[in-house]
Structure formats: structure tokens, C-alpha cells
Amino acid sequence: MSGKGKRAAGAEVAAMNKKKLKGTEEILAKVRRLAERVKAEPEVQKSLAELNLPHACREVVDKDADAVLGEVETAILMVAASILRGEGFTYTLPNRSKGNQLYVPELDRIVLKDSMSHRAFANTATCRKAVITTRILQLVHELCRKRIHVTKRDLFYTDVKLFEDQGNSDAILDDLACMLGCTRSSLHVVASEKGVVVGRLTFREDGDQIDCRRMGVGGKAIPPNIDKVDSIQSDALFILLVEKDAAFMRLAEDRFYNQFPCIIITAKGQPDVATRLFLKKLKQTLRIPVLALVDSDPYGLKILSVYMKGSMNMSYDSSNLTTPDIKWLGVRPSDLDRFNIPQQCRLPMTDEDLKTGRKLLEEEFVKANPEWVKELEIMVTTKVKAEIQALSSFGFQYLSHQYLPLKLQEGDWI
């Protein structure tokens, strides 16, 4: 079939799909049933202690400023005691490497095992890290004492000459949160605003009332300090988690949430800590389903898995950062043929893409979901990927006016 013929066939499928669409209430019928099931589910949260795992595992909790001050001072006293015993200046920290991480099916998330590592000042391999660790402990102590918060970027600029690169100070900050047994936000260091939210949601942020229906196309920036968010209220049926800013803007501008009651969230790519915390808080407070819209490629699924199962980098805090049971709404590999996405909008997968896709197929959390396996196998076999924006080949508003309504109407999520 010629390119012209394929485009005509695609347009014909789009027209047929439009005819399938029913009234708003009928479109939302299956979403309502899903929302009712989610609300009816008992709030049972298993803990690591209850599971009696063969490996000891480590998790962190939220701690107030006084508790963190106590932990920092205890850590420094232990270092001083080590020096007095003649054992040298050494920190003992949890090992955050991939080999010390474990996927727990009962919890459906990644956790950190309890293996420890040593960071000695007298060792040339760890000397610099020991110095950076001490400096950041000093800065965290100051922040907690003064009861103020700073961004990770602010922290980096306090000693650029020592840290050299922000990645160095960021990594040590995670090490310290793990060592002190607290969440990273408990250290009074937050990430810069990245994620945004729009739709049927109101909440109070540090005393100010926020209405996310009145935030324009750009949406409301998700607060870096989630502890200051309270009084969350919504009449939404579901949360729509969107991978990309472009798709978010399209849905916000079309006021998708007015016809289909929802809250739309994006982290504009790789999920940041604040967006993950905010999503979890919304899900726990409102008890409504979360549906995800990501690219049909291995990285879209990896981003989704970070929200659901946690990241390797922050496995120590997975209990606070993960939102289990997110439904994969689209764009799925099977959608490419089903919606007759034009060949020119389907991109060939690179060798790196294929390698990532095959590695995902080996992950325990993927194997636990046969439908995910099926979709990934289609992707790896066809060696084709597509972005959410490929749907724009049928019209700029096809995403909000046809694709998503049809998926919701058919309950086509996994």
C-alpha cells in the first residue's frame, strides 16, 4: 500500500473509532466501576517486618528536625569513638548498589537489603567521599537547627570547590538519608519544582488555598515540600499520570478534566521525588485509580515502573515513594496497529532500546504481570516504538477527543 493509501486507511480507522464513542456517562461507566472497586479495597499496608524475609532489609521513615539533629550528632559521636579506639576516621553506611537490592512481590516494590560499606578517611579510594559526607552532615545539622529548607542546587553551591559536581553532593545526600534512617525530605533538602498538576483538585499549601482548575494551561507546580500540603479535596474519578509535558499541555488546554472528571499530573519525563510523593499522597487520600499515559517504548515503561515499584537509586525509601497498582492505559505497543498509527510515525528501535526492552522482560515485577510481558514482547519483536505525539497525525486534538475517551469507554487498561 502506498503512503497515501496508508494515510487514508488511518483516517478511516480514526473515523470509525469516532463513531464508536458514546455519551460521556457511558464512556465513564467502566472508570466508575474501577473507582468503586479501588474505594472498596481495604487499606492494608504490609510491612517488611511482617514478611519474615530471608534477608534483613532497611527502610526509612519521616523524622522531625529534632530527631534528625539527634541522628547527625550520634553519627559524629560514633566517628569520634572510632578515632579514639584507634580504628580511624570511618563512616559505616548502607550499601546502595544494585546487588544489595531486592524486589519483594508481596510488597510489589524494590527494597534495600542490609549490607553495609565503610567510608574511611585514611583510604585513598574513599577519602574524598568521607570529607564530602562530613561537610553535608554539617550542612544538614545547620538546616535542621535553623528549621529552614533549601534545594539540592543550593546545597551544591555552599561548597562548589569540594563537591565539584552536583551529582556528587546529591549521591552523598541519599547515602546520608539511608544512614540516618530518614527520608530525604527529612534532611530539609528538597528538589527544585519540576512536576505540575491540573484538574479537579483543591488543596492547601502552607496555608494558601490552591484550585488546580484555575491554573491555566501550564498547571500548578507540585510543591517540593509535600509536608506543607493538606486539606486535599476532589470530585475526580481518576488520576491521569502523563509522561510528557507536551501531552499534558494538550489535555490541559482542551480542559479534558471538565468532561472526564480527573486530575492530570506530569513530571515532564523522569519522575522526581516531589511528584512521586504527591502522587502517593493523592492516591492514599482520595482512594481513586491512577491511569498512566506514556510513550510506547522501553523508557516509557521504565518511567511507569519507577512510580509503581521504585527506583534503584532510592530503594531505601520505596515505602514512601511508590504508588502500586497504576493501570497502563497507553500508548501500548498493541495500540499502534489497533489505531492504525501511520508507519512514518513509528520509529525503529535502536540497539540500546532493544537491550533495555529485553532487560525489562527479565525483571521480576514485569514477569509478575503477563499482560505487560505480552506488550513488551510485541515491542521487542516488531522493533518499533512510538511517542504519544504520534497520535497527532490524526489531528492535534485526537488524543483528548478520541483516543483517551475510547480507551476509557472500553476499560482498555492493564
# chains A, B, ... in the order shown; residues from 1 in each chain; ligands from 1

$ closest_atom_pairs --of "stretch 112-184 of chain A" --to "stretch 207-226 of chain A" --cutoff "10 Å" --atoms "only C-alpha atoms" --output "tab-separated table"
residue	atom	partner	partner_atom	distance
A:His149	CA	A:Asn225	CA	8.6
A:Val150	CA	A:Pro224	CA	10.0
A:Thr151	CA	A:Pro224	CA	8.6

$ residues_around --residues "A:Leu180" --least-positions-apart "4" --cutoff "10 Å" --atoms "only C-alpha atoms" --output "number ranges by chain"
A: 60-61, 63, 67-72, 74-75, 93-94, 174-176, 184, 186-187

$ write_last_selection --atoms "C-alpha atoms" --output "PDB file, in the first residue's frame"
ATOM      1  CA  VAL A  60      13.481   4.824  56.310  1.00  0.00           C
ATOM      2  CA  VAL A  61      10.775   6.921  57.945  1.00  0.00           C
ATOM      3  CA  LYS A  63      11.636  12.269  61.085  1.00  0.00           C
ATOM      4  CA  ALA A  67      15.141  13.611  65.553  1.00  0.00           C
ATOM      5  CA  VAL A  68      17.438  14.274  62.565  1.00  0.00           C
ATOM      6  CA  LEU A  69      19.657  16.515  64.724  1.00  0.00           C
ATOM      7  CA  GLY A  70      19.974  13.648  67.194  1.00  0.00           C
ATOM      8  CA  GLU A  71      20.872  11.174  64.416  1.00  0.00           C
ATOM      9  CA  VAL A  72      23.540  13.514  62.965  1.00  0.00           C
ATOM     10  CA  THR A  74      25.072  10.328  67.100  1.00  0.00           C
ATOM     11  CA  ALA A  75      26.785   9.636  63.748  1.00  0.00           C
ATOM     12  CA  LEU A  93      26.830   3.289  55.651  1.00  0.00           C
ATOM     13  CA  PRO A  94      24.234   1.052  53.973  1.00  0.00           C
ATOM     14  CA  ASP A 174      20.908   9.897  49.560  1.00  0.00           C
ATOM     15  CA  ASP A 175      23.642   7.978  51.416  1.00  0.00           C
ATOM     16  CA  LEU A 176      23.065  10.118  54.499  1.00  0.00           C
ATOM     17  CA  ARG A 184      15.490  12.687  52.103  1.00  0.00           C
ATOM     18  CA  SER A 186      13.541  14.989  56.476  1.00  0.00           C
ATOM     19  CA  LEU A 187      17.051  16.362  55.862  1.00  0.00           C
TER      20      LEU A 187
END

$ select_by_dssp --residues "stretch 184-405 of chain A" --states "alpha helix (DSSP H)" --output "number ranges by chain"
A: 245-253, 256-259, 273-286, 298-309, 318-321, 333-338, 351-362, 364-367, 370-382, 398, 404-405

$ closest_residue --among "A:Lys152, A:Lys355, A:Lys268, A:His188" --to "A:Val140" --atoms "only C-alpha atoms"
A:His188

$ residues_around --residues "stretch 24-37 of chain A" --least-positions-apart "4" --cutoff "6 Å" --atoms "only C-alpha atoms" --output "VMD selection string"
chain A and resid 288 to 289 409 411

$ decode --residues "stretch 67-79 of chain A" --atoms "all heavy atoms" --output "short mmCIF file (atom, residue, chain, number, x, y, z; two decimals), in the first residue's frame"
data_model
loop_
_atom_site.label_atom_id
_atom_site.label_comp_id
_atom_site.auth_asym_id
_atom_site.auth_seq_id
_atom_site.Cartn_x
_atom_site.Cartn_y
_atom_site.Cartn_z
N ALA A 67 14.70 15.00 65.70
CA ALA A 67 15.14 13.61 65.55
C ALA A 67 16.35 13.51 64.62
O ALA A 67 17.30 12.77 64.88
CB ALA A 67 13.99 12.75 65.04
N VAL A 68 16.32 14.29 63.51
CA VAL A 68 17.44 14.27 62.56
C VAL A 68 18.68 14.87 63.22
O VAL A 68 19.80 14.34 63.05
CB VAL A 68 17.08 15.05 61.26
CG1 VAL A 68 18.30 15.14 60.34
CG2 VAL A 68 15.93 14.36 60.54
N LEU A 69 18.52 15.94 63.99
CA LEU A 69 19.66 16.51 64.72
C LEU A 69 20.31 15.46 65.63
O LEU A 69 21.53 15.33 65.67
CB LEU A 69 19.20 17.71 65.57
CG LEU A 69 18.96 19.04 64.84
CD1 LEU A 69 18.28 20.04 65.76
CD2 LEU A 69 20.28 19.61 64.32
N GLY A 70 19.46 14.71 66.32
CA GLY A 70 19.97 13.65 67.19
C GLY A 70 20.74 12.58 66.42
O GLY A 70 21.80 12.12 66.86
N GLU A 71 20.22 12.20 65.25
CA GLU A 71 20.87 11.17 64.42
C GLU A 71 22.22 11.67 63.91
O GLU A 71 23.21 10.91 63.88
CB GLU A 71 19.98 10.80 63.23
CG GLU A 71 18.67 10.10 63.60
CD GLU A 71 18.86 8.68 64.10
OE1 GLU A 71 20.01 8.18 64.08
OE2 GLU A 71 17.87 8.07 64.52
N VAL A 72 22.28 12.94 63.48
CA VAL A 72 23.54 13.51 62.96
C VAL A 72 24.58 13.54 64.08
O VAL A 72 25.74 13.14 63.88
CB VAL A 72 23.31 14.94 62.41
CG1 VAL A 72 24.64 15.62 62.08
CG2 VAL A 72 22.44 14.89 61.15
N GLU A 73 24.18 13.99 65.26
CA GLU A 73 25.13 14.08 66.38
C GLU A 73 25.60 12.69 66.82
O GLU A 73 26.77 12.50 67.15
CB GLU A 73 24.47 14.84 67.54
CG GLU A 73 24.31 16.33 67.24
CD GLU A 73 23.31 17.04 68.13
OE1 GLU A 73 22.82 16.42 69.09
OE2 GLU A 73 23.01 18.23 67.86
N THR A 74 24.69 11.71 66.76
CA THR A 74 25.07 10.33 67.10
C THR A 74 26.09 9.80 66.09
O THR A 74 27.07 9.13 66.47
CB THR A 74 23.82 9.42 67.11
OG1 THR A 74 22.91 9.89 68.11
CG2 THR A 74 24.20 7.98 67.42
N ALA A 75 25.86 10.09 64.79
CA ALA A 75 26.78 9.64 63.75
C ALA A 75 28.18 10.21 63.97
O ALA A 75 29.19 9.50 63.83
CB ALA A 75 26.25 10.04 62.37
N ILE A 76 28.26 11.50 64.32
CA ILE A 76 29.56 12.13 64.55
C ILE A 76 30.24 11.58 65.81
O ILE A 76 31.46 11.37 65.85
CB ILE A 76 29.41 13.67 64.65
CG1 ILE A 76 28.97 14.24 63.29
CG2 ILE A 76 30.70 14.34 65.10
CD1 ILE A 76 29.95 14.00 62.15
N LEU A 77 29.44 11.31 66.86
CA LEU A 77 30.00 10.71 68.08
C LEU A 77 30.57 9.32 67.80
O LEU A 77 31.61 8.95 68.34
CB LEU A 77 28.90 10.61 69.16
CG LEU A 77 28.57 11.91 69.90
CD1 LEU A 77 27.33 11.73 70.78
CD2 LEU A 77 29.76 12.36 70.76
N MET A 78 29.90 8.56 66.92
CA MET A 78 30.40 7.22 66.57
C MET A 78 31.73 7.31 65.82
O MET A 78 32.63 6.50 66.02
CB MET A 78 29.36 6.49 65.72
CG MET A 78 28.14 6.04 66.51
SD MET A 78 26.86 5.29 65.48
CE MET A 78 27.66 3.75 65.00
N VAL A 79 31.86 8.34 64.96
CA VAL A 79 33.12 8.56 64.25
C VAL A 79 34.22 8.93 65.25
O VAL A 79 35.35 8.41 65.19
CB VAL A 79 32.97 9.67 63.18
CG1 VAL A 79 34.33 10.08 62.63
CG2 VAL A 79 32.07 9.19 62.05
#
